[in-house]
Each structure stands twice: as C-alpha cells, then as structure tokens.
Amino acid sequence: MSKLARLGDWMEERTRWRTAARGWIDHPVVGGAPWAAAMAASVATCFAVLALTGLTLMTAYGASPQAAWASVHYVQFVQERGWVVRGLHFWAAQSLIVLAALHVAHGAFVASYRKPREVAWWLTLGVLGLTVAGGITGGLLPWDERGWWARVVEGNIVGLAPGLGSWIQEMMQGGTELGALGLSRMYAVHVVVLPALFAVMLLARRAITLRHGWTENNGGSSTQGAQLARNGLVAVLVLVALFAMAGAAHGAPLEAPADPMGDYPARPEWFLMTLYELRKLFHGAGEFFGTTLAPMVAGLYLALLPWIDRPGRSRVAFVMAPVVLVFASAVGLGGMAWRKDARDEVFTKQRAKADFRAAAAARLAMGGVPPEGALSMVRADPELRGRDLFDQHCASCHVLGDLGDPKKATASKLDGWGTTQWIAAMIHDPDAPEFFGRGPFNGNMPSVDVRPKDKPATDPWRPMVASDAERNAVVAFLAAQGDEPGDPPRALDEATRALGEKIVSNRCANCHLYKGDGDVNGSDVAPELLHYGSIAWTKAQVANPATVETYREKALGADLKKHMPRFDADLSPSDVDVVARWTRAHSRGLSLP
Amino acid sequence: MLAAVGGTVGCGALAVTTVRFVTAPAHGGASPGRWMKTVRLDSLPEGEPKRVSLIADHRDAWTIEKQVQLGAAWLVRKGDQVTAWSVTCPHLGCAVGLRAGAPGFNCPCHDSSFDVDGRRLDGPSPRDLDTLGTKIEDGFVLVDFQRFRLGTPDKAPVG
C-alpha cells in the first residue's frame with residue numbers, strides 16, 4: 001500500500017472524508033445530468049475567472065481620475081503578465097453577458113421556469129442583469145474616452161427620468177458631473193456589491209436546482225459525479241476560449257485618457273448598442289420611456305413566464321416566438337447601429353482620430369505618467385498638443401499632412417515648408433495655388449526666373465538667378481536659414497553659401513528684408529529672410545506677423561483680406577512655442593525632440 | 001428589552017450615518033467665476049464659427065486644478081457682436097462640432113444638427129443650442145459659462 005493511500009486511510013478513520021466524497025459523487029441528481037445543465041457551469045467559470053483576475057487587478061489599480069488610466073496602462077503594457085490578467089478579465093466579462101443571455105433563452109425554451117422553479121428562474125434573470133451592471137461599472141474604471149463618455153451619456157439619460165431622475169444621476173456620478181467621487185462609487189459597486197450579489201444569487205440558484213432539478217422532463221437520473229465531470233469539461237473549454245480571446249486581442253482595448261473637452265464620438269459598449277439604436281426611434285419626451293420601457297417590458301415578460309405559459313396555451317405563440325423576437329431584435333438593432341457607424345464617413349474619421357490619440361497616449365505613457373494624471377500628460381505633450389493647436393488654429397487656412405482641407409486652403413501648403421524642394425518650387429511660381437495663389441499675397445511676389453505676364457515684352461527684364469548654379473545657391477542658402485541644432489547636417493559649402501547670400505542681399509532684399517536691411521521700395525509686405533523657417537522665425541510669425549522679425553506692419557492691414565492673424569493674445573506663450581515647433585518639425589518631416 | 005432597544009438604536013444610527021454619507025451632495029463643487037476671458041474680438045473671422053476654450057480652476061471633490069479647460073464655446077462674430085453657444089449638446093451632453101459638408105453644427109453622438117444660428121435642424125435634440133452671454137472688455141470676448149439641464153425643451157440652468 002502506498003504512503004498516500006495510507007495517509008488517506010488515516011484521514012478516513014478520523015474525518016470520514018472518503019465516505020463523504022463518495023456519498024456526494026454517487027448522490028443522484030434530480031432530473032439527471034444533461035449537458036444543458038452544464039451551461040450554468042460556464043457562467044460559474046467566467047465568474048470565478050472574473051473574481052480571481054479582478055482581485056489581481058485590484059492590486060495594481062488606482063481608483064482616481066489621475067491614477068486610473070495610468071494604472072490600467074501600466075497593467076496592460078508594462079506589468080509582467082498584466083495584459084493576460086486584464087485580457088482574461090475583460091473577455092470573461094464579455095463572455096459572461098453572452099452566456100448568461102443564452103442561459104436565459106435556453107431556460108425559456110426548455111421551460112425551466114415552471115413550478116416549483118420560479119425562484120431559480122428569477123435568480124437566472126437577476127444574474128443576467130448583474131452581468132450587464134458589471135459591464136457598465138467596469139467599463140468606466142479605465143477612465144478612458146470610451147468608458148467615460150458612455151457613462152456620461154447614460155447618466156444624462158437617467159437624468160431625463162421624471163421625478164427622481166436627476167437625483168439618481170447625481171448619486172451615480174457623485175455630483176452634477178462625473179468626477180472623482182463617481183469613479184470611487186462605481187468602483188465600490190463593481191468590486192464589492194455586484195460580485196457579492198452575484199455569488200449569493202448563483203449559490204441560491206444552485207441550491208434550488210439541486211432540490212428540484214433543472215427542468216421537469218429531461219428523463220433519467222444520474223449522479224452528481226457525472227454532472228461534475230461534465231461541468232469540469234465545460235469549465236476547461238471556457239478557460240481555453242478565454243485564453244484564446246485574451247491572446248488574440250493581446251489583452252483588452254484601452255483608449256486615450258478621458259478628455260471631457262474633446263469631441264469624442266461616444267458610443268456605448270456592444271451590449272448596449274441595442275438600446276442606442278432603439279433610442280433613435282423615440283424623440284423628445286418619449287426618449288426616456290422608449291429606451292427604458294422596451295427592456296423593462298422584455299424583462300417583465302421573462303419574469304412572468306411561469307404564469308404566461310399556462311396549460312392550454314400554445315407554447316410556440318406565448319413563449320418561443322416572443323423569446324426569439326426579444327433576442328433577435330436585440331441582436332438585429334445592435335447590428336444595425338454598428339453597420340450605420342461603419343458606413344458613416346464622419347464617424348469613421350472621428351474614430352480614426354480617437355485611435356490615433358489612443359496609440360499616441362499609450363506610447364507616451366511608456367515613459368511614465370506624471371502625478372497630475374494621464375490627461376495632463378496628453379495635453380502637455382508637444383506632439384499631441386501641437387497637432388491639436390494646428391488643427392484648431394492653423395488648419396482652416398493652411399494644409400499640413402492630413403490636417404487642413406486642400407480645397408479650402410487660402411494660405412501656403414506647409415508640407416515641405418522651408419526645405420530646398422519647397423523653396424525651389426515657391427520662388428519659381430509663387431502664385432501657384434499651393435503657395436500664394438489663393439491668398440492675400442497673390443501677385444505680390446515675382447518669380448525668380450519667369451518674366452511677369454504684365455510686363456511689356458519691350459521692357460528690359462532679367463531673371464533674378466542667371467543660372468542653375470545661382471538658383472541652387474539661393475535655394476540652399478534660404479533653406480539653411482531655418483536650420484536648428486539637432487537637425488540632420490546639411491551639405492552647404494562656403495562658396496555656395498556666399499553666392500546665395502549675395503543674391504539674396506542684392507536681389508531678394510529689393511522687397512524682402514535680410515538682416516533688417518532691404519525693401520528699398522518700401523513695399524512693407526515681404527518678410528525678413530534671416531532665419532526664415534527657424535523656430536524663432538516661426539514663433540514670431542505665429543505670435544504676430546506684423547513685426548520686423550517676419551512680415552512687418554502691413555501684414556495685419558485691413559486691405560490684406562484673409563491675412564494671417566496674430567495669435568499672441570489667443571495662445572499662451574508656451575502654446576505659441578509648441579505650435580511653432582510642431583509646425584516647423586512636421587513641415588520638414590522631422591520628429592520633435 | 002434593553003438589548004432590543006439598544007440594537008435598534010445602534011442599527012438606526014449606523015443606517016442614518018452611512019446613508020447620509022452616500023447621499024450627501026458632493027462638496028467642493030463651488031461654481032467658478034462665470035465670466036471667462038477667451039480670445040480677442042479682432043481674431044474672430046466674420047461669420048465663421050470658432051471654438052474657444054473656457055479656462056478656470058476646476059474643483060473635483062478633493063482635487064483642485066488651477067486654470068484648466070473647464071468648458072468650451074462656439075463663437076460667431078457679426079460685426080462687433082459676438083454670439084456664443086455652449087459646445088454641450090442640449091440632448092445628452094456630447095460636444096457638438098462643425099457639420100460636415102454644410103454650415104452649422106452637429107453632434108457626433110446622436111446626430112443632432114443645428115444651423116449657423118444654433119437653431120435645431122434635425123435629430124433628437126429637444127431645443128436649439130444653448131446660447132451663453134458675451135461681452136467685450138479691452139478687446140477680448142468674455143463668455144458667461146453656464147451649464148443647463150439636458151434633454152428638456154426649455155433651457156434651465158443647473159449648478
């Protein structure tokens with residue numbers, strides 16, 4: 001006899017564990033052990049995974065608007081196995097909603113609500129409700145764009161309810177706005193209240209089904225051991241599926257930190273898309289009732305099934321058809337909403353912007369998030385801030401990369417601005433539509449090598465650059481004006497530089513300034529060329545084009561329609577700095593240091 | 001008898017304390033000074049909507065952030081007059097942006113649209129965009145920042 005068996009015997013003699021276990025395993029299950037009953041095991045497995053991974057996540061989560069996103073990012077991207085734990089938790093939650101819904105639909109079909117199982121049936125419905133509540137409260141915890149905006153809109157829908165609506169909204173949000181207290185409340189509900197209720201309901205339901213069986217007419221009888229084996233197999237299958245989903249998605253999605261001032265196109269989680277679409281059918285006062293009444297009627301119908309399904313009534317008409325209708329319309333409406341969004345060009349564009357911000361924020365946070373929080377980090381980042389500022393203040397006239405509308409632009413295209421290619425093309429044809437052609441300076445600047453159209457052929461005219469060598473020298477010299485330390489080195493020999501400078505001083509400075517000198521005709525509209533395209537020049541131009549550093553006084557003249565405005569009053573000095581550096585770097589295809 | 005009374009009183013005290021704790025309104029939500037300085041009047045293009053930030057201190061329960069973006073408004077200048085609309089959609093509170101392909105405003109969440117004068121054109125919004133008070137001081141546009149009850153046909157201030 002092995003030592004282990006001897007130990008077993010020793011324990012048996014004192015605790016009767018073997019007898020107890022055998023008794024449990026051989027105990028008959030009322031109504032047999034159908035595979036269908038093992039469906040409850042899939043729900044229980046998801047719940048167990050959620051409990052374990054949830055507790056694990058709690059050891060790394062910070063429940064405050066400043067810490068939440070940063071800590072979830074840390075779990076997802078930095079912590080050892082963090083993405084697996086978060087992925088399991090997320091996918092178990094999604095799966096739980098699907099499984100609980102299937103469980104309800106199946107229960108309705110096999111009439112597992114009939115006497116004496118009514119209470120077990122209500123508990124099953126309650127479990128489905130709790131899975132959705134878990135998804136809603138959990139969705140807020142990362143404090144990212146999706147979760148935050150979805151909860152804000154839902155809070156406002158609750159606020160529409162007559163009577164206590166706005167009070168309930170305030171209780172949920174912890175104030176008139178969704179802030180720190182709202183997050184703490186949702187967190188407390190998510191990690192304590194809901195799991196406790198869930199566990200109690202699952203256990204109570206099990207106690208009842210043990211007594212009465214799962215349904216009345218499944219024939220045969222079996223043992224608890226057989227049921228345990230089937231449940232175990234289901235549990236393993238669920239686990240494999242959860243690992244597969246978490247692996248395929250590499251964890252779970254995380255959007256950019258919630259920005260209450262952004263223009264994020266809010267959408268609810270997939271399991272609420274049905275209500276989102278349903279809401280579109282109701283306007284005005286009917287909106288609250290439309291969106292809440294339909295699910296309430298569906299819920300009430302399911303809860304009352306024990307009385308709706310009476311002997312003598314057709315089960316097809318009173319149970320099967322309505323249940324199919326409820327579930328099919330839920331899936332159908334959700335699918336419709338999803339399809340409309342996928343085909344909506346504006347939404348697709350906004351979605352792409354949100355994805356861009358999410359990726360950028362995730363990249364930024366790899367270097368650590370300052371204690372003020374992830375939103376401050378994103379707002380202070382020169383790359384994102386610069387892009388936002390350009391989009392908001394510059395892109396209505398200028399085009400740069402994917403920002404600005406080439407059809408509406410009235411100022412120079414900035415892709416390549418200050419580079420040799422841009423300058424070469426510009427001084428050859430300044431009135432091309434991508435340069436001054438559609439702006440206030442149209443016709444002001446002559447080409448260096450094309451005879452002006454309005455000049456009579458008999459008038460003497462000579463190009464400003466006599467040869468390709470001269471042109472290249474001017475171009476290279478001007479492009480080098482914008483160089484900054486840290487830029488890629490430029491091959492510019494002294495002879496070329498000197499030639500370029502000579503032509504610029506002699507010819508260009510007839511109208512332009514160079515080192516503060518020039519503009520012999522006093523035209524007052526052509527800018528300073530010293531340091532043209534540098535950070536200092538760009539900053540000066542953004543702050544106020546009407547100084548001697550760039551375009552001088554007439555640049556803001558009333559007769560110069562659609563001239564570039566000064567931004568030194570609208571933007572803080574640091575914002576001017578950020579947008580100037582961003583614009584210069586992106587014009588030249590450089591990255592910000 | 002004593003135990004019963006004592007137990008009832010004790011449980012009652014606990015219940016009152018915890019319920020009061022949870023249902024008390026959030027503290028610290030003191031509304032900031034409402035007039036907020038935005039941009040210079042002469043930086044606004046004639047007749048073209050421009051989105052401006054409304055900057056003030058933001059108090060949220062135990063935190064205070066100094067001079068952060070608290071809200072935003074759409075400004076449209078007509079001569080020396082400026083109209084301001086809250087960017088918050090009167091429907092359910094998303095931020096309205098410019099309409100694609102036509103002048104006016106649009107909400108990205110439920111597709112309410114408004115014309116250039118903020119009047120409701122289409123979609124579920126129960127009222128026009130909410131106008132905010134404006135005044136010009138030292139060449140700057142000041143906006144009277146307020147929040148309004150959402151989802152109702154009439155515009156009622158909250159907070």
# chains A, B, ... in the order shown; residues from 1 in each chain; ligands from 1
$ closest_atom_pairs --of "chain B" --to "chain A" --cutoff "6 Å" --atoms "only C-alpha atoms" --output "JSON lines"
{"residue": "B:Ala26", "atom": "CA", "partner": "A:Gly175", "partner_atom": "CA", "distance": 5.1}
{"residue": "B:Val39", "atom": "CA", "partner": "A:Asp570", "partner_atom": "CA", "distance": 4.9}
{"residue": "B:Leu92", "atom": "CA", "partner": "A:Val153", "partner_atom": "CA", "distance": 5.6}
{"residue": "B:Ala95", "atom": "CA", "partner": "A:Asp263", "partner_atom": "CA", "distance": 5.4}
{"residue": "B:Pro108", "atom": "CA", "partner": "A:Pro265", "partner_atom": "CA", "distance": 4.9}
{"residue": "B:Cys109", "atom": "CA", "partner": "A:Pro265", "partner_atom": "CA", "distance": 5.3}
{"residue": "B:Pro124", "atom": "CA", "partner": "A:His283", "partner_atom": "CA", "distance": 5.4}
{"residue": "B:Pro126", "atom": "CA", "partner": "A:Gly284", "partner_atom": "CA", "distance": 5.7}
$ select_by_dssp --residues "range 142-240 of chain A" --states "alpha helix (DSSP H)" --output "tab-separated table (two decimals) with C-alpha atoms, in the first residue's frame"
chain	number	residue	atom	x	y	z
A	145	GLU	CA	-12.61	58.00	-23.67
A	146	ARG	CA	-14.98	55.15	-24.39
A	147	GLY	CA	-15.94	54.34	-20.81
A	148	TRP	CA	-16.12	57.92	-19.60
A	149	TRP	CA	-18.24	59.27	-22.44
A	150	ALA	CA	-20.55	56.26	-22.44
A	151	ARG	CA	-21.23	56.72	-18.71
A	152	VAL	CA	-21.74	60.49	-19.10
A	153	VAL	CA	-24.36	59.99	-21.80
A	154	GLU	CA	-26.04	57.18	-19.85
A	155	GLY	CA	-26.04	59.32	-16.71
A	156	ASN	CA	-27.76	62.06	-18.68
A	157	ILE	CA	-30.34	59.57	-19.96
A	158	VAL	CA	-31.06	58.56	-16.35
A	159	GLY	CA	-31.34	62.26	-15.57
A	165	GLY	CA	-34.08	61.12	-12.37
A	166	SER	CA	-31.58	63.87	-11.74
A	167	TRP	CA	-31.17	62.83	-8.09
A	168	ILE	CA	-30.31	59.28	-9.13
A	169	GLN	CA	-27.94	60.65	-11.74
A	170	GLU	CA	-26.15	62.69	-9.06
A	171	MET	CA	-25.94	59.68	-6.76
A	172	MET	CA	-24.36	57.60	-9.52
A	173	GLN	CA	-21.96	60.32	-10.61
A	180	ALA	CA	-13.54	61.53	-8.68
A	181	LEU	CA	-16.48	60.51	-6.46
A	182	GLY	CA	-18.34	58.94	-9.37
A	183	LEU	CA	-15.33	56.76	-10.11
A	184	SER	CA	-14.97	55.70	-6.45
A	185	ARG	CA	-18.66	54.82	-6.32
A	186	MET	CA	-18.63	52.79	-9.50
A	187	TYR	CA	-15.50	51.04	-8.25
A	188	ALA	CA	-17.06	50.13	-4.89
A	194	LEU	CA	-22.06	43.24	-7.62
A	195	PRO	CA	-19.77	40.24	-7.02
A	196	ALA	CA	-21.36	39.63	-3.60
A	197	LEU	CA	-24.86	39.69	-5.08
A	198	PHE	CA	-23.71	37.54	-7.97
A	199	ALA	CA	-22.22	34.89	-5.70
A	200	VAL	CA	-25.28	34.82	-3.45
A	201	MET	CA	-27.66	34.51	-6.40
A	202	LEU	CA	-25.59	31.81	-8.10
A	203	LEU	CA	-25.42	29.75	-4.88
A	204	ALA	CA	-29.10	30.19	-4.08
A	205	ARG	CA	-29.98	29.16	-7.60
A	206	ARG	CA	-27.82	26.08	-7.30
A	207	ALA	CA	-29.44	25.11	-4.01
A	208	ILE	CA	-32.87	25.27	-5.63
A	209	THR	CA	-31.93	23.33	-8.77
A	210	LEU	CA	-30.30	20.66	-6.60
A	211	ARG	CA	-33.63	20.19	-4.90
A	212	HIS	CA	-35.93	20.40	-7.90
A	224	GLN	CA	-23.56	14.38	-9.00
A	225	GLY	CA	-20.27	12.84	-10.06
A	226	ALA	CA	-21.40	12.64	-13.68
A	227	GLN	CA	-22.59	16.23	-13.55
A	228	LEU	CA	-19.31	17.30	-12.01
A	229	ALA	CA	-17.37	15.68	-14.84
A	230	ARG	CA	-19.46	17.46	-17.44
A	231	ASN	CA	-19.21	20.76	-15.61
A	232	GLY	CA	-15.46	20.31	-15.39
A	233	LEU	CA	-15.19	19.73	-19.11
A	234	VAL	CA	-17.27	22.85	-19.81
A	235	ALA	CA	-15.08	24.84	-17.43
A	236	VAL	CA	-11.93	23.74	-19.24
A	237	LEU	CA	-13.44	24.67	-22.62
A	238	VAL	CA	-14.42	28.11	-21.31
A	239	LEU	CA	-10.92	28.67	-19.92
A	240	VAL	CA	-9.32	27.71	-23.23
$ select_by_dssp --residues "range 23-155 of chain B" --states "strand (DSSP E)" --output "PyMOL selection string"
chain B and resi 35-40+50-60+63-78+81-86+97-98+105-106+113-114+120-122+131-132+134-137+140-144+147-148
$ residues_around --residues "Val72 in chain A" --least-positions-apart "5" --cutoff "10 Å" --atoms "only C-alpha atoms" --output "ChimeraX atom specification"
/A:57,60-62,67,77-79,82-83,86,141-144,254
$ write_last_selection --atoms "N, CA and C atoms" --output "PDB file, in the first residue's frame"
ATOM      1  N   LEU A  57      -6.231  42.362 -10.411  1.00  0.00           N
ATOM      2  CA  LEU A  57      -6.173  43.717 -10.972  1.00  0.00           C
ATOM      3  C   LEU A  57      -6.242  44.775  -9.878  1.00  0.00           C
ATOM      4  N   ALA A  60      -3.201  46.377  -8.526  1.00  0.00           N
ATOM      5  CA  ALA A  60      -2.414  47.321  -9.325  1.00  0.00           C
ATOM      6  C   ALA A  60      -3.219  48.543  -9.744  1.00  0.00           C
ATOM      7  N   TYR A  61      -4.502  48.624  -9.353  1.00  0.00           N
ATOM      8  CA  TYR A  61      -5.372  49.681  -9.870  1.00  0.00           C
ATOM      9  C   TYR A  61      -5.447  50.872  -8.922  1.00  0.00           C
ATOM     10  N   GLY A  62      -5.460  52.060  -9.466  1.00  0.00           N
ATOM     11  CA  GLY A  62      -5.634  53.276  -8.671  1.00  0.00           C
ATOM     12  C   GLY A  62      -6.942  53.948  -9.046  1.00  0.00           C
ATOM     13  N   ALA A  67      -5.124  58.638 -11.446  1.00  0.00           N
ATOM     14  CA  ALA A  67      -4.349  57.391 -11.459  1.00  0.00           C
ATOM     15  C   ALA A  67      -4.956  56.297 -12.330  1.00  0.00           C
ATOM     16  N   PHE A  77       0.463  47.312 -20.428  1.00  0.00           N
ATOM     17  CA  PHE A  77       1.656  47.397 -21.265  1.00  0.00           C
ATOM     18  C   PHE A  77       2.978  47.168 -20.541  1.00  0.00           C
ATOM     19  N   VAL A  78       2.985  47.282 -19.229  1.00  0.00           N
ATOM     20  CA  VAL A  78       4.276  47.227 -18.545  1.00  0.00           C
ATOM     21  C   VAL A  78       4.392  46.000 -17.631  1.00  0.00           C
ATOM     22  N   GLN A  79       3.376  45.790 -16.802  1.00  0.00           N
ATOM     23  CA  GLN A  79       3.499  44.769 -15.772  1.00  0.00           C
ATOM     24  C   GLN A  79       3.588  43.359 -16.356  1.00  0.00           C
ATOM     25  N   GLY A  82       0.578  41.334 -17.167  1.00  0.00           N
ATOM     26  CA  GLY A  82      -0.548  42.243 -16.912  1.00  0.00           C
ATOM     27  C   GLY A  82      -1.610  42.125 -17.991  1.00  0.00           C
ATOM     28  N   TRP A  83      -1.172  42.085 -19.239  1.00  0.00           N
ATOM     29  CA  TRP A  83      -2.150  42.058 -20.337  1.00  0.00           C
ATOM     30  C   TRP A  83      -2.947  40.762 -20.330  1.00  0.00           C
ATOM     31  N   ARG A  86      -5.574  41.223 -17.469  1.00  0.00           N
ATOM     32  CA  ARG A  86      -6.600  42.180 -17.886  1.00  0.00           C
ATOM     33  C   ARG A  86      -7.421  41.601 -19.040  1.00  0.00           C
ATOM     34  N   LEU A 141     -13.954  52.036 -15.306  1.00  0.00           N
ATOM     35  CA  LEU A 141     -12.756  52.025 -14.461  1.00  0.00           C
ATOM     36  C   LEU A 141     -11.464  52.435 -15.167  1.00  0.00           C
ATOM     37  N   PRO A 142     -11.250  52.080 -16.455  1.00  0.00           N
ATOM     38  CA  PRO A 142     -10.009  52.555 -17.086  1.00  0.00           C
ATOM     39  C   PRO A 142      -9.980  54.074 -17.268  1.00  0.00           C
ATOM     40  N   TRP A 143     -11.146  54.741 -17.086  1.00  0.00           N
ATOM     41  CA  TRP A 143     -11.228  56.204 -17.230  1.00  0.00           C
ATOM     42  C   TRP A 143     -10.688  56.616 -18.596  1.00  0.00           C
ATOM     43  N   ASP A 144     -11.037  55.851 -19.619  1.00  0.00           N
ATOM     44  CA  ASP A 144     -10.634  56.231 -20.971  1.00  0.00           C
ATOM     45  C   ASP A 144     -11.834  56.834 -21.701  1.00  0.00           C
ATOM     46  N   LEU A 254      -7.720  49.738 -24.802  1.00  0.00           N
ATOM     47  CA  LEU A 254      -7.603  50.900 -23.914  1.00  0.00           C
ATOM     48  C   LEU A 254      -7.528  52.133 -24.798  1.00  0.00           C
TER      49      LEU A 254
END
